[in-house]
$ cat target11.txt   # compact mmCIF, C-alpha atoms (C1' of nucleotides)
# COMPACT_ATOMS: atom_id res chain seq x y z
CA MET A 240 -101.28 -40.63 -17.46
CA LYS A 241 -103.88 -37.90 -17.41
CA GLN A 242 -106.20 -39.84 -15.16
CA TRP A 243 -103.64 -39.75 -12.36
CA VAL A 244 -104.01 -36.02 -11.96
CA SER A 245 -107.56 -35.88 -10.67
CA LEU A 246 -106.97 -39.06 -8.72
CA MET A 247 -103.99 -37.53 -6.96
CA ARG A 248 -105.91 -34.37 -6.24
CA ASP A 249 -108.48 -36.34 -4.28
CA TYR A 250 -105.83 -38.36 -2.52
CA GLY A 251 -103.95 -35.23 -1.61
CA TRP A 252 -107.07 -33.77 -0.10
CA GLU A 253 -107.85 -36.92 1.85
CA LEU A 254 -104.31 -37.31 3.11
CA SER A 255 -104.21 -33.70 4.14
CA THR A 256 -107.48 -34.05 6.02
CA ALA A 257 -106.32 -37.24 7.69
CA VAL A 258 -103.13 -35.54 8.84
CA VAL A 259 -104.97 -32.57 10.27
CA LEU A 260 -107.48 -34.76 12.10
CA PHE A 261 -104.66 -36.88 13.48
CA HIS A 262 -102.95 -33.78 14.80
CA GLU A 263 -106.15 -32.56 16.37
CA ALA A 264 -106.72 -35.93 18.00
CA ILE A 265 -103.24 -35.88 19.52
CA ALA A 266 -103.74 -32.37 20.85
CA ARG A 267 -107.05 -33.30 22.40
CA ARG A 268 -105.55 -36.41 23.95
CA LEU A 269 -102.81 -34.32 25.52
CA GLY A 270 -105.34 -31.76 26.69
CA LEU A 271 -103.71 -29.01 24.64
CA ASN A 272 -105.15 -26.35 22.39
CA ALA A 273 -103.71 -25.54 18.98
CA ALA A 274 -101.16 -22.99 20.20
CA GLU A 275 -99.92 -25.20 23.01
CA HIS A 276 -99.63 -28.22 20.74
CA LYS A 277 -97.71 -26.21 18.19
CA ALA A 278 -95.40 -24.84 20.86
CA LEU A 279 -94.74 -28.29 22.26
CA GLY A 280 -93.96 -29.59 18.77
CA LEU A 281 -91.43 -26.82 18.24
CA ILE A 282 -89.76 -27.41 21.57
CA VAL A 283 -89.57 -31.17 21.05
CA ARG A 284 -88.19 -30.89 17.55
CA SER A 285 -85.90 -27.89 17.80
CA GLY A 286 -84.54 -28.78 21.19
CA PRO A 287 -84.23 -26.40 24.13
CA MET A 288 -85.07 -22.87 23.06
CA PRO A 289 -85.62 -19.54 24.79
CA THR A 290 -89.14 -18.26 25.33
CA GLY A 291 -88.64 -15.36 22.99
CA THR A 292 -88.04 -17.59 20.01
CA LEU A 293 -91.48 -19.10 20.37
CA ALA A 294 -93.52 -15.90 20.07
CA PRO A 295 -92.92 -15.19 16.37
CA GLU A 296 -93.23 -18.88 15.49
CA LEU A 297 -96.62 -19.10 17.13
CA GLY A 298 -97.77 -15.79 15.78
CA VAL A 299 -98.58 -14.36 19.19
CA GLY A 300 -97.10 -11.69 21.42
CA PRO A 301 -94.35 -12.47 23.94
CA THR A 302 -96.77 -12.08 26.82
CA ALA A 303 -99.01 -14.84 25.55
CA VAL A 304 -96.08 -17.24 25.49
CA THR A 305 -95.80 -17.06 29.25
CA GLY A 306 -99.31 -18.41 29.62
CA ILE A 307 -98.81 -21.10 27.00
CA VAL A 308 -95.61 -22.30 28.65
CA ASP A 309 -97.28 -22.14 32.06
CA ARG A 310 -99.91 -24.62 30.87
CA LEU A 311 -97.34 -26.88 29.22
CA ALA A 312 -95.20 -26.81 32.35
CA ARG A 313 -98.16 -27.44 34.62
CA ALA A 314 -99.09 -30.46 32.50
CA GLY A 315 -95.49 -31.60 32.81
CA TYR A 316 -94.64 -31.58 29.11
CA VAL A 317 -91.90 -28.95 29.40
CA ARG A 318 -89.86 -27.39 32.14
CA ARG A 319 -88.14 -24.04 32.44
CA GLU A 320 -84.39 -23.99 32.87
CA PRO A 321 -82.13 -21.00 33.25
CA ASP A 322 -79.85 -20.32 30.31
CA PRO A 323 -76.28 -20.66 31.63
CA THR A 324 -74.93 -18.21 29.06
CA ASP A 325 -77.52 -15.48 29.63
CA ARG A 326 -79.33 -15.39 32.91
CA ARG A 327 -82.15 -13.25 31.57
CA ARG A 328 -83.18 -16.08 29.32
CA VAL A 329 -85.32 -19.08 30.17
CA LEU A 330 -84.75 -22.22 28.18
CA LEU A 331 -87.74 -24.42 27.48
CA VAL A 332 -86.87 -28.09 27.64
CA ALA A 333 -89.22 -30.85 26.58
CA ASP A 334 -89.82 -33.48 29.23
CA GLU A 335 -89.92 -36.68 27.23
CA SER A 336 -90.95 -38.83 30.14
CA ALA A 337 -94.26 -37.01 30.51
CA VAL A 338 -95.88 -38.39 27.38
CA PRO A 339 -97.28 -41.63 28.72
CA ASP A 340 -99.81 -43.21 26.40
CA LEU A 341 -98.72 -41.33 23.35
CA SER A 342 -95.57 -43.33 22.86
CA GLY A 343 -97.81 -46.32 22.27
CA ILE A 344 -99.69 -44.48 19.56
CA PHE A 345 -96.52 -43.45 17.78
CA ALA A 346 -95.11 -46.92 18.16
CA ASP A 347 -98.22 -48.35 16.53
CA LEU A 348 -98.04 -45.75 13.81
CA GLY A 349 -94.40 -46.49 13.09
CA ARG A 350 -94.95 -50.22 13.13
CA GLU A 351 -97.85 -50.08 10.72
CA MET A 352 -96.05 -47.70 8.40
CA THR A 353 -93.00 -49.92 8.39
CA ALA A 354 -95.18 -52.96 7.77
CA PHE A 355 -96.69 -51.89 4.47
CA MET A 356 -93.53 -50.13 3.33
CA ALA A 357 -91.61 -53.37 3.53
CA ALA A 358 -93.27 -54.38 0.27
CA TYR A 359 -91.60 -51.66 -1.76
CA ASP A 360 -88.39 -52.26 -3.65
CA GLU A 361 -85.57 -49.72 -3.93
CA ARG A 362 -86.93 -47.97 -6.99
CA GLU A 363 -90.45 -47.65 -5.59
CA MET A 364 -89.05 -46.38 -2.32
CA ALA A 365 -87.00 -43.78 -4.15
CA ALA A 366 -90.09 -42.60 -6.00
CA ILE A 367 -92.05 -42.27 -2.77
CA VAL A 368 -89.27 -40.31 -1.10
CA ASP A 369 -89.06 -38.07 -4.13
CA TYR A 370 -92.79 -37.51 -4.05
CA ILE A 371 -92.72 -36.59 -0.37
CA GLU A 372 -89.75 -34.26 -0.77
CA ASN A 373 -91.37 -32.41 -3.64
CA THR A 374 -94.73 -32.23 -1.91
CA ILE A 375 -93.10 -30.69 1.14
CA ARG A 376 -91.27 -28.20 -1.06
CA VAL A 377 -94.42 -27.17 -2.91
CA LEU A 378 -96.52 -26.91 0.23
CA ARG A 379 -93.93 -24.72 1.92
CA ALA A 380 -93.71 -22.46 -1.10
CA GLN A 381 -97.47 -21.99 -1.21
CA THR A 382 -97.61 -21.45 2.53
CA VAL A 383 -95.12 -18.62 2.20
CA LYS A 384 -97.11 -17.17 -0.66
CA LEU A 385 -100.27 -17.32 1.45
CA ALA A 386 -98.60 -15.54 4.34
CA ASP A 387 -97.28 -12.80 2.09
CA PRO A 388 -100.25 -11.49 0.10
CA ASP A 389 -98.26 -8.96 -1.85
CA PRO A 390 -94.85 -10.25 -3.01
CA SER A 391 -93.57 -6.93 -4.25
CA MET B 99 -83.68 -51.33 3.71
CA LYS B 100 -83.43 -50.54 7.38
CA GLN B 101 -82.11 -47.05 6.82
CA TRP B 102 -85.36 -46.08 5.10
CA VAL B 103 -87.30 -46.40 8.31
CA SER B 104 -85.77 -43.54 10.24
CA LEU B 105 -85.56 -41.49 7.06
CA MET B 106 -89.27 -41.94 6.46
CA ARG B 107 -90.06 -41.06 10.04
CA ASP B 108 -88.45 -37.68 9.59
CA TYR B 109 -90.12 -37.14 6.25
CA GLY B 110 -93.46 -38.09 7.68
CA TRP B 111 -93.01 -35.55 10.42
CA GLU B 112 -91.97 -32.81 8.02
CA LEU B 113 -94.76 -33.54 5.58
CA SER B 114 -97.27 -33.58 8.38
CA THR B 115 -96.00 -30.25 9.68
CA ALA B 116 -96.03 -28.73 6.21
CA VAL B 117 -99.62 -29.83 5.70
CA VAL B 118 -100.75 -28.37 9.01
CA LEU B 119 -98.99 -25.07 8.38
CA PHE B 120 -100.49 -24.90 4.90
CA HIS B 121 -103.96 -25.40 6.37
CA GLU B 122 -103.35 -22.72 8.96
CA ALA B 123 -102.13 -20.32 6.31
CA ILE B 124 -105.27 -20.87 4.26
CA ALA B 125 -107.50 -20.32 7.26
CA ARG B 126 -105.69 -17.12 8.15
CA ARG B 127 -105.91 -15.89 4.60
CA LEU B 128 -109.64 -16.48 4.62
CA GLY B 129 -109.94 -14.82 8.01
CA LEU B 130 -111.32 -17.97 9.60
CA ASN B 131 -110.53 -19.72 12.85
CA ALA B 132 -110.06 -23.47 13.11
CA ALA B 133 -113.71 -24.32 13.65
CA GLU B 134 -114.89 -22.12 10.81
CA HIS B 135 -112.29 -23.47 8.44
CA LYS B 136 -113.20 -27.03 9.31
CA ALA B 137 -116.89 -26.29 8.84
CA LEU B 138 -116.27 -24.69 5.46
CA GLY B 139 -114.23 -27.68 4.37
CA LEU B 140 -117.02 -30.04 5.30
CA ILE B 141 -119.63 -27.97 3.48
CA VAL B 142 -117.51 -27.66 0.36
CA ARG B 143 -116.64 -31.33 0.24
CA SER B 144 -119.84 -32.98 1.40
CA GLY B 145 -122.14 -30.64 -0.47
CA PRO B 146 -125.20 -28.88 0.95
CA MET B 147 -125.92 -30.13 4.43
CA PRO B 148 -128.24 -29.16 7.27
CA THR B 149 -126.89 -27.22 10.21
CA GLY B 150 -127.46 -30.10 12.60
CA THR B 151 -125.08 -32.39 10.75
CA LEU B 152 -122.22 -30.00 11.39
CA ALA B 153 -122.40 -29.95 15.17
CA PRO B 154 -121.14 -33.49 15.88
CA GLU B 155 -118.53 -33.22 13.12
CA LEU B 156 -117.08 -30.09 14.65
CA GLY B 157 -117.35 -31.40 18.18
CA VAL B 158 -119.43 -28.48 19.40
CA GLY B 159 -123.02 -28.02 20.46
CA PRO B 160 -125.75 -27.08 17.99
CA THR B 161 -125.93 -23.56 19.36
CA ALA B 162 -122.34 -22.86 18.49
CA VAL B 163 -122.95 -23.83 14.87
CA THR B 164 -125.27 -20.88 14.45
CA GLY B 165 -122.45 -18.49 15.27
CA ILE B 166 -119.95 -20.30 13.09
CA VAL B 167 -122.30 -20.27 10.12
CA ASP B 168 -123.13 -16.63 10.79
CA ARG B 169 -119.48 -15.72 10.37
CA LEU B 170 -119.09 -17.89 7.28
CA ALA B 171 -122.24 -16.37 5.76
CA ARG B 172 -121.20 -12.84 6.60
CA ALA B 173 -117.86 -13.45 4.89
CA GLY B 174 -119.80 -14.77 1.91
CA TYR B 175 -118.35 -18.28 1.89
CA VAL B 176 -121.67 -20.04 2.48
CA ARG B 177 -125.32 -19.14 2.32
CA ARG B 178 -128.36 -20.52 4.10
CA GLU B 179 -131.09 -22.07 1.98
CA PRO B 180 -134.35 -23.57 3.16
CA ASP B 181 -134.61 -27.32 2.78
CA PRO B 182 -137.51 -27.95 0.37
CA THR B 183 -138.27 -31.32 1.94
CA ASP B 184 -138.29 -30.15 5.54
CA ARG B 185 -138.90 -26.51 6.22
CA ARG B 186 -137.46 -26.66 9.71
CA ARG B 187 -134.06 -27.41 8.23
CA VAL B 188 -131.59 -24.94 6.87
CA LEU B 189 -129.23 -26.18 4.19
CA LEU B 190 -125.73 -24.76 4.12
CA VAL B 191 -124.47 -24.24 0.62
CA ALA B 192 -120.91 -23.30 -0.23
CA ASP B 193 -120.58 -20.20 -2.35
CA GLU B 194 -117.75 -21.08 -4.70
CA SER B 195 -117.57 -17.63 -6.22
CA ALA B 196 -116.54 -16.07 -2.92
CA VAL B 197 -113.05 -17.54 -2.80
CA PRO B 198 -111.18 -15.00 -4.90
CA ASP B 199 -107.43 -15.26 -4.52
CA LEU B 200 -107.48 -18.78 -3.18
CA SER B 201 -108.25 -20.35 -6.52
CA GLY B 202 -104.90 -19.02 -7.69
CA ILE B 203 -103.15 -20.72 -4.81
CA PHE B 204 -104.78 -24.05 -5.50
CA ALA B 205 -104.11 -23.68 -9.20
CA ASP B 206 -100.43 -23.10 -8.45
CA LEU B 207 -100.39 -26.04 -6.09
CA GLY B 208 -102.00 -28.34 -8.63
CA ARG B 209 -99.73 -27.17 -11.41
CA GLU B 210 -96.56 -27.69 -9.40
CA MET B 211 -97.69 -31.08 -8.16
CA THR B 212 -98.54 -32.16 -11.68
CA ALA B 213 -95.22 -30.86 -12.91
CA PHE B 214 -92.94 -33.04 -10.81
CA MET B 215 -95.28 -36.00 -10.97
CA ALA B 216 -94.98 -36.13 -14.72
CA ALA B 217 -91.56 -37.71 -14.24
CA TYR B 218 -92.94 -40.88 -12.67
CA ASP B 219 -93.67 -43.96 -14.71
CA GLU B 220 -96.63 -46.24 -14.15
CA ARG B 221 -94.97 -48.43 -11.60
CA GLU B 222 -93.61 -45.55 -9.57
CA MET B 223 -96.98 -43.87 -9.68
CA ALA B 224 -98.67 -47.02 -8.46
CA ALA B 225 -96.24 -47.22 -5.56
CA ILE B 226 -96.93 -43.63 -4.58
CA VAL B 227 -100.67 -44.13 -4.70
CA ASP B 228 -100.31 -47.25 -2.62
CA TYR B 229 -98.20 -45.38 -0.10
CA ILE B 230 -100.76 -42.60 0.18
CA GLU B 231 -103.67 -45.00 0.50
CA ASN B 232 -101.97 -46.94 3.26
CA THR B 233 -100.85 -43.81 5.07
CA ILE B 234 -104.41 -42.50 5.07
CA ARG B 235 -105.65 -45.83 6.36
CA VAL B 236 -103.10 -45.96 9.17
CA LEU B 237 -103.62 -42.33 10.18
CA ARG B 238 -107.37 -42.77 10.36
CA ALA B 239 -107.02 -45.90 12.44
CA GLN B 240 -104.73 -44.15 14.93
CA THR B 241 -107.00 -41.12 15.00
CA VAL B 242 -109.91 -43.34 16.00
CA LYS B 243 -107.77 -45.00 18.63
CA LEU B 244 -106.80 -41.60 20.01
CA ALA B 245 -110.41 -40.47 20.22
CA ASP B 246 -111.43 -43.62 22.05
CA PRO B 247 -109.03 -44.05 24.97
CA ASP B 248 -110.63 -47.24 26.24
CA PRO B 249 -111.50 -49.65 23.43
CA SER B 250 -113.38 -52.10 25.62
C1' DC C 222 -156.83 -31.46 15.59
C1' DC C 223 -153.66 -32.04 19.51
C1' DT C 224 -149.58 -33.40 21.35
C1' DC C 225 -144.95 -34.17 21.25
C1' DA C 226 -140.50 -34.33 18.97
C1' DT C 227 -137.23 -32.04 15.96
C1' DA C 228 -134.40 -28.03 13.72
C1' DC C 229 -132.65 -23.90 14.39
C1' DT C 230 -132.16 -19.45 16.63
C1' DT C 231 -131.71 -15.91 20.33
C1' DC C 232 -129.99 -14.45 24.64
C1' DA C 233 -127.35 -13.93 28.96
C1' DC C 234 -123.56 -15.86 30.96
C1' DG C 235 -118.94 -17.66 31.83
C1' DA C 236 -114.47 -19.72 30.76
C1' DG C 237 -110.15 -19.22 28.23
C1' DA C 238 -106.80 -16.75 26.27
C1' DA C 239 -104.41 -12.69 24.00
C1' DT C 240 -103.10 -7.80 24.61
C1' DG C 241 -100.49 -3.59 26.27
C1' DA C 242 -98.50 -1.27 30.13
C1' DA C 243 -95.68 -1.64 33.90
C1' DC C 244 -92.08 -4.15 36.56
C1' DT C 245 -87.70 -6.94 37.63
C1' DA C 246 -83.50 -8.81 36.35
C1' DT C 247 -79.72 -9.08 33.39
C1' DC C 248 -76.53 -7.85 29.70
C1' DC C 249 -73.66 -4.65 27.16
C1' DA C 250 -71.61 -0.38 25.20
C1' DG C 251 -69.17 3.72 26.15
C1' DC D 63 -70.08 2.46 36.52
C1' DT D 64 -73.82 4.18 34.32
C1' DG D 65 -77.50 4.41 30.87
C1' DG D 66 -80.02 1.97 27.76
C1' DA D 67 -81.49 -2.25 25.60
C1' DT D 68 -83.19 -7.00 26.12
C1' DA D 69 -85.72 -11.29 28.31
C1' DG D 70 -89.28 -12.63 30.77
C1' DT D 71 -93.19 -12.05 33.87
C1' DT D 72 -97.35 -9.95 36.10
C1' DC D 73 -101.63 -7.60 36.04
C1' DA D 74 -105.92 -5.54 34.52
C1' DT D 75 -108.56 -5.38 30.58
C1' DT D 76 -110.84 -6.98 26.56
C1' DC D 77 -112.35 -10.17 23.11
C1' DT D 78 -113.84 -14.42 21.33
C1' DC D 79 -116.36 -18.30 21.57
C1' DG D 80 -119.05 -22.14 23.49
C1' DT D 81 -122.85 -23.39 26.59
C1' DG D 82 -127.57 -24.02 28.45
C1' DA D 83 -132.17 -22.29 28.83
C1' DA D 84 -135.83 -20.55 26.48
C1' DG D 85 -138.34 -19.33 22.22
C1' DT D 86 -140.24 -20.05 17.32
C1' DA D 87 -141.44 -22.82 13.57
C1' DT D 88 -142.26 -27.12 11.43
C1' DG D 89 -143.04 -32.15 11.05
C1' DA D 90 -145.19 -36.59 12.57
C1' DG D 91 -148.20 -39.82 15.24
C1' DG D 92 -152.60 -40.87 17.46
$ encode --input "target11.txt" --output "structure tokens"
Amino acid sequence: MKQWVSLMRDYGWELSTAVVLFHEAIARRLGLNAAEHKALGLIVRSGPMPTGTLAPELGVGPTAVTGIVDRLARAGYVRREPDPTDRRRVLLVADESAVPDLSGIFADLGREMTAFMAAYDEREMAAIVDYIENTIRVLRAQTVKLADPDPS
Amino acid sequence: MKQWVSLMRDYGWELSTAVVLFHEAIARRLGLNAAEHKALGLIVRSGPMPTGTLAPELGVGPTAVTGIVDRLARAGYVRREPDPTDRRRVLLVADESAVPDLSGIFADLGREMTAFMAAYDEREMAAIVDYIENTIRVLRAQTVKLADPDPS
DNA sequence: CCTCATACTTCACGAGAATGAACTATCCAG
DNA sequence: CTGGATAGTTCATTCTCGTGAAGTATGAGG
């Protein structure tokens, strides 16, 4: 069992690198820099959100968000909509239709993932899900620890 | 079996996000931007390499590498050494000793990963390794496809 | 040797993006 | 209704970083 440890360490590193490079490739394909890509991801996943919510998530000041959203809006990936409940606010809504060739990439990705995962039985699948869940948990914990140098 | 598919899609997204945020947190902790972090990773993993090798990997011109390496060298993460076989070249060598608090993070990460992985038996472990291998393969393939918009 | 190519650096410049102050519009508490 | 707080934007400024041209040093072929 001991030999798995170093093996997994290498695999973890390679997977991590592959994920990062994949993200970078997507951003480049969309013509977005890191901050814009991150912002778009947040808007797509967390649904319509006000501008102010984005600033702390991105780690930039509120003024920078205006520029980031300007570029995303100009590219057509998001649009600004007034918040009906608070007219000071501007809700950022992802424009799904404006991601032309990327849907093909994600479709390919999903198809290929599904293809090789079809070979797993229930117990193997459960183990994989467990592995992923725990990896996410551990990564998040270490990320928090990295952001907070002095946990007093 | 069908319900796994959408479940895995969400997990894939979350894992991917966690990995990216972890990388960003490391870079910030080291005081490095994306290019510098990427360069350091390449030097650490692929051993001593000449400056010129880095430029295409980072997607920048050779002149930019000088600045990137300057910052890495000033921070103490790498040092320049003359190539004994070709005195025009400058070899970039990672300085392992200059990563103080980060070794603790990686030690924690490895320990926690090892901890929950101890519960898997051989067959489960094999499934997980297979999953990781295939995911890496698929991600790399899609990354290439993204970089090359017109595969003629 | 002499010439040309290669490896890296230096420098001046320019593009991109984040910042803080100031401004407008809106909400809310008293 | 009035004063103060909040949401977002605009503007001028500043900073970072990559580029291209030019310079230095070294290697390789005739």
$ interface_residues --input "target11.txt" --of "chain A" --to "chain C" --cutoff "8 Å" --atoms "all atoms listed in the file" --output "list of chain:residue names"
A:Val299, A:Gly300, A:Thr302, A:Ala303, A:Asp325, A:Arg326, A:Arg327
$ atom_distance --input "target11.txt" --atom1 "C1' of DT71 in chain D" --atom2 "CA of Arg319 in chain A"
13.1 Å
$ residues_near_point --input "target11.txt" --point "(-94.9, -32.8, -10.4)" --cutoff "12 Å" --atoms "only C-alpha atoms (C1' of nucleotides)" --output "NGL selection string"
(:A and (243-244 or 247-248 or 366 or 369-377)) or (:B and (206-218 or 223))
$ interface_residues --input "target11.txt" --of "chain D" --to "chain A" --cutoff "12 Å" --atoms "only C-alpha atoms (C1' of nucleotides)" --output "ChimeraX atom specification"
/D:68-73
$ write_last_selection --input "target11.txt" --atoms "C-alpha atoms (C1' of nucleotides)" --output "PDB file, keeping the file's coordinate frame"
ATOM      1  C1'  DT D  68     -83.190  -7.000  26.120  1.00  0.00           C
ATOM      2  C1'  DA D  69     -85.720 -11.290  28.310  1.00  0.00           C
ATOM      3  C1'  DG D  70     -89.280 -12.630  30.770  1.00  0.00           C
ATOM      4  C1'  DT D  71     -93.190 -12.050  33.870  1.00  0.00           C
ATOM      5  C1'  DT D  72     -97.350  -9.950  36.100  1.00  0.00           C
ATOM      6  C1'  DC D  73    -101.630  -7.600  36.040  1.00  0.00           C
TER       7       DC D  73
END
$ atom_distance --input "target11.txt" --atom1 "C1' of DG92 in chain D" --atom2 "CA of Thr183 in chain B"
23.2 Å
$ residues_around --input "target11.txt" --residues "Arg313 in chain A" --least-positions-apart "3" --cutoff "12 Å" --atoms "all atoms listed in the file" --output "PDB file with C-alpha atoms, in the frame of the given file"
ATOM      1  CA  GLY A 270    -105.340 -31.760  26.690  1.00  0.00           C
ATOM      2  CA  LEU A 271    -103.710 -29.010  24.640  1.00  0.00           C
ATOM      3  CA  GLU A 275     -99.920 -25.200  23.010  1.00  0.00           C
ATOM      4  CA  THR A 305     -95.800 -17.060  29.250  1.00  0.00           C
ATOM      5  CA  GLY A 306     -99.310 -18.410  29.620  1.00  0.00           C
ATOM      6  CA  ILE A 307     -98.810 -21.100  27.000  1.00  0.00           C
ATOM      7  CA  VAL A 308     -95.610 -22.300  28.650  1.00  0.00           C
ATOM      8  CA  ASP A 309     -97.280 -22.140  32.060  1.00  0.00           C
ATOM      9  CA  ARG A 310     -99.910 -24.620  30.870  1.00  0.00           C
ATOM     10  CA  TYR A 316     -94.640 -31.580  29.110  1.00  0.00           C
ATOM     11  CA  VAL A 317     -91.900 -28.950  29.400  1.00  0.00           C
ATOM     12  CA  ARG A 318     -89.860 -27.390  32.140  1.00  0.00           C
ATOM     13  CA  ARG A 319     -88.140 -24.040  32.440  1.00  0.00           C
ATOM     14  CA  ASP A 334     -89.820 -33.480  29.230  1.00  0.00           C
ATOM     15  CA  ALA A 337     -94.260 -37.010  30.510  1.00  0.00           C
TER      16      ALA A 337
END
$ atom_distance --input "target11.txt" --atom1 "CA of Pro154 in chain B" --atom2 "CA of His262 in chain A"
18.2 Å
$ closest_residue --input "target11.txt" --among "A:Glu363, A:Asp322, A:Asp387, A:Glu296" --to "chain B" --atoms "only C-alpha atoms"
A:Glu363
$ closest_residue --input "target11.txt" --among "A:Met288, A:Leu279, A:Phe261, A:Leu293" --to "chain B" --atoms "all atoms listed in the file"
A:Phe261
$ closest_residue --input "target11.txt" --among "A:Ser245, A:Ala257, A:Ser285, A:Ser342" --to "chain B" --atoms "only C-alpha atoms"
A:Ala257
$ build_atoms --input "target11.txt" --residues "range 178-198 of chain B" --atoms "N, CA and C atoms" --output "tab-separated table (two decimals), in the coordinates of the input"
chain	number	residue	atom	x	y	z
B	178	ARG	N	-127.31	-19.65	3.56
B	178	ARG	CA	-128.36	-20.52	4.10
B	178	ARG	C	-129.48	-20.63	3.07
B	179	GLU	N	-129.95	-21.87	2.87
B	179	GLU	CA	-131.09	-22.07	1.98
B	179	GLU	C	-132.08	-22.99	2.68
B	180	PRO	N	-133.36	-22.71	2.53
B	180	PRO	CA	-134.35	-23.57	3.16
B	180	PRO	C	-134.37	-24.94	2.49
B	181	ASP	N	-134.51	-25.98	3.31
B	181	ASP	CA	-134.61	-27.32	2.78
B	181	ASP	C	-136.03	-27.52	2.24
B	182	PRO	N	-136.16	-27.82	0.95
B	182	PRO	CA	-137.51	-27.95	0.37
B	182	PRO	C	-138.29	-29.12	0.95
B	183	THR	N	-137.58	-30.13	1.44
B	183	THR	CA	-138.27	-31.32	1.94
B	183	THR	C	-138.64	-31.21	3.41
B	184	ASP	N	-138.00	-30.30	4.11
B	184	ASP	CA	-138.29	-30.15	5.54
B	184	ASP	C	-138.02	-28.70	5.93
B	185	ARG	N	-139.07	-27.96	6.09
B	185	ARG	CA	-138.90	-26.51	6.22
B	185	ARG	C	-138.36	-26.07	7.58
B	186	ARG	N	-138.14	-27.03	8.46
B	186	ARG	CA	-137.46	-26.66	9.71
B	186	ARG	C	-135.96	-26.54	9.44
B	187	ARG	N	-135.50	-27.33	8.49
B	187	ARG	CA	-134.06	-27.41	8.23
B	187	ARG	C	-133.54	-26.22	7.43
B	188	VAL	N	-132.28	-25.96	7.65
B	188	VAL	CA	-131.59	-24.94	6.87
B	188	VAL	C	-130.40	-25.61	6.21
B	189	LEU	N	-130.35	-25.57	4.91
B	189	LEU	CA	-129.23	-26.18	4.19
B	189	LEU	C	-128.11	-25.16	4.03
B	190	LEU	N	-126.90	-25.62	4.28
B	190	LEU	CA	-125.73	-24.76	4.12
B	190	LEU	C	-125.08	-25.07	2.79
B	191	VAL	N	-125.01	-24.06	1.96
B	191	VAL	CA	-124.47	-24.24	0.62
B	191	VAL	C	-123.21	-23.41	0.46
B	192	ALA	N	-122.15	-24.03	-0.01
B	192	ALA	CA	-120.91	-23.30	-0.23
B	192	ALA	C	-121.06	-22.36	-1.42
B	193	ASP	N	-120.53	-21.17	-1.26
B	193	ASP	CA	-120.58	-20.20	-2.35
B	193	ASP	C	-119.21	-20.14	-3.00
B	194	GLU	N	-119.06	-20.91	-4.07
B	194	GLU	CA	-117.75	-21.08	-4.70
B	194	GLU	C	-117.17	-19.74	-5.18
B	195	SER	N	-118.05	-18.87	-5.60
B	195	SER	CA	-117.57	-17.63	-6.22
B	195	SER	C	-116.85	-16.72	-5.22
B	196	ALA	N	-117.06	-16.99	-3.92
B	196	ALA	CA	-116.54	-16.07	-2.92
B	196	ALA	C	-115.16	-16.45	-2.40
B	197	VAL	N	-114.41	-17.17	-3.21
B	197	VAL	CA	-113.05	-17.54	-2.80
B	197	VAL	C	-112.09	-17.00	-3.84
B	198	PRO	N	-111.86	-15.69	-3.81
B	198	PRO	CA	-111.18	-15.00	-4.90
B	198	PRO	C	-109.74	-15.44	-5.14
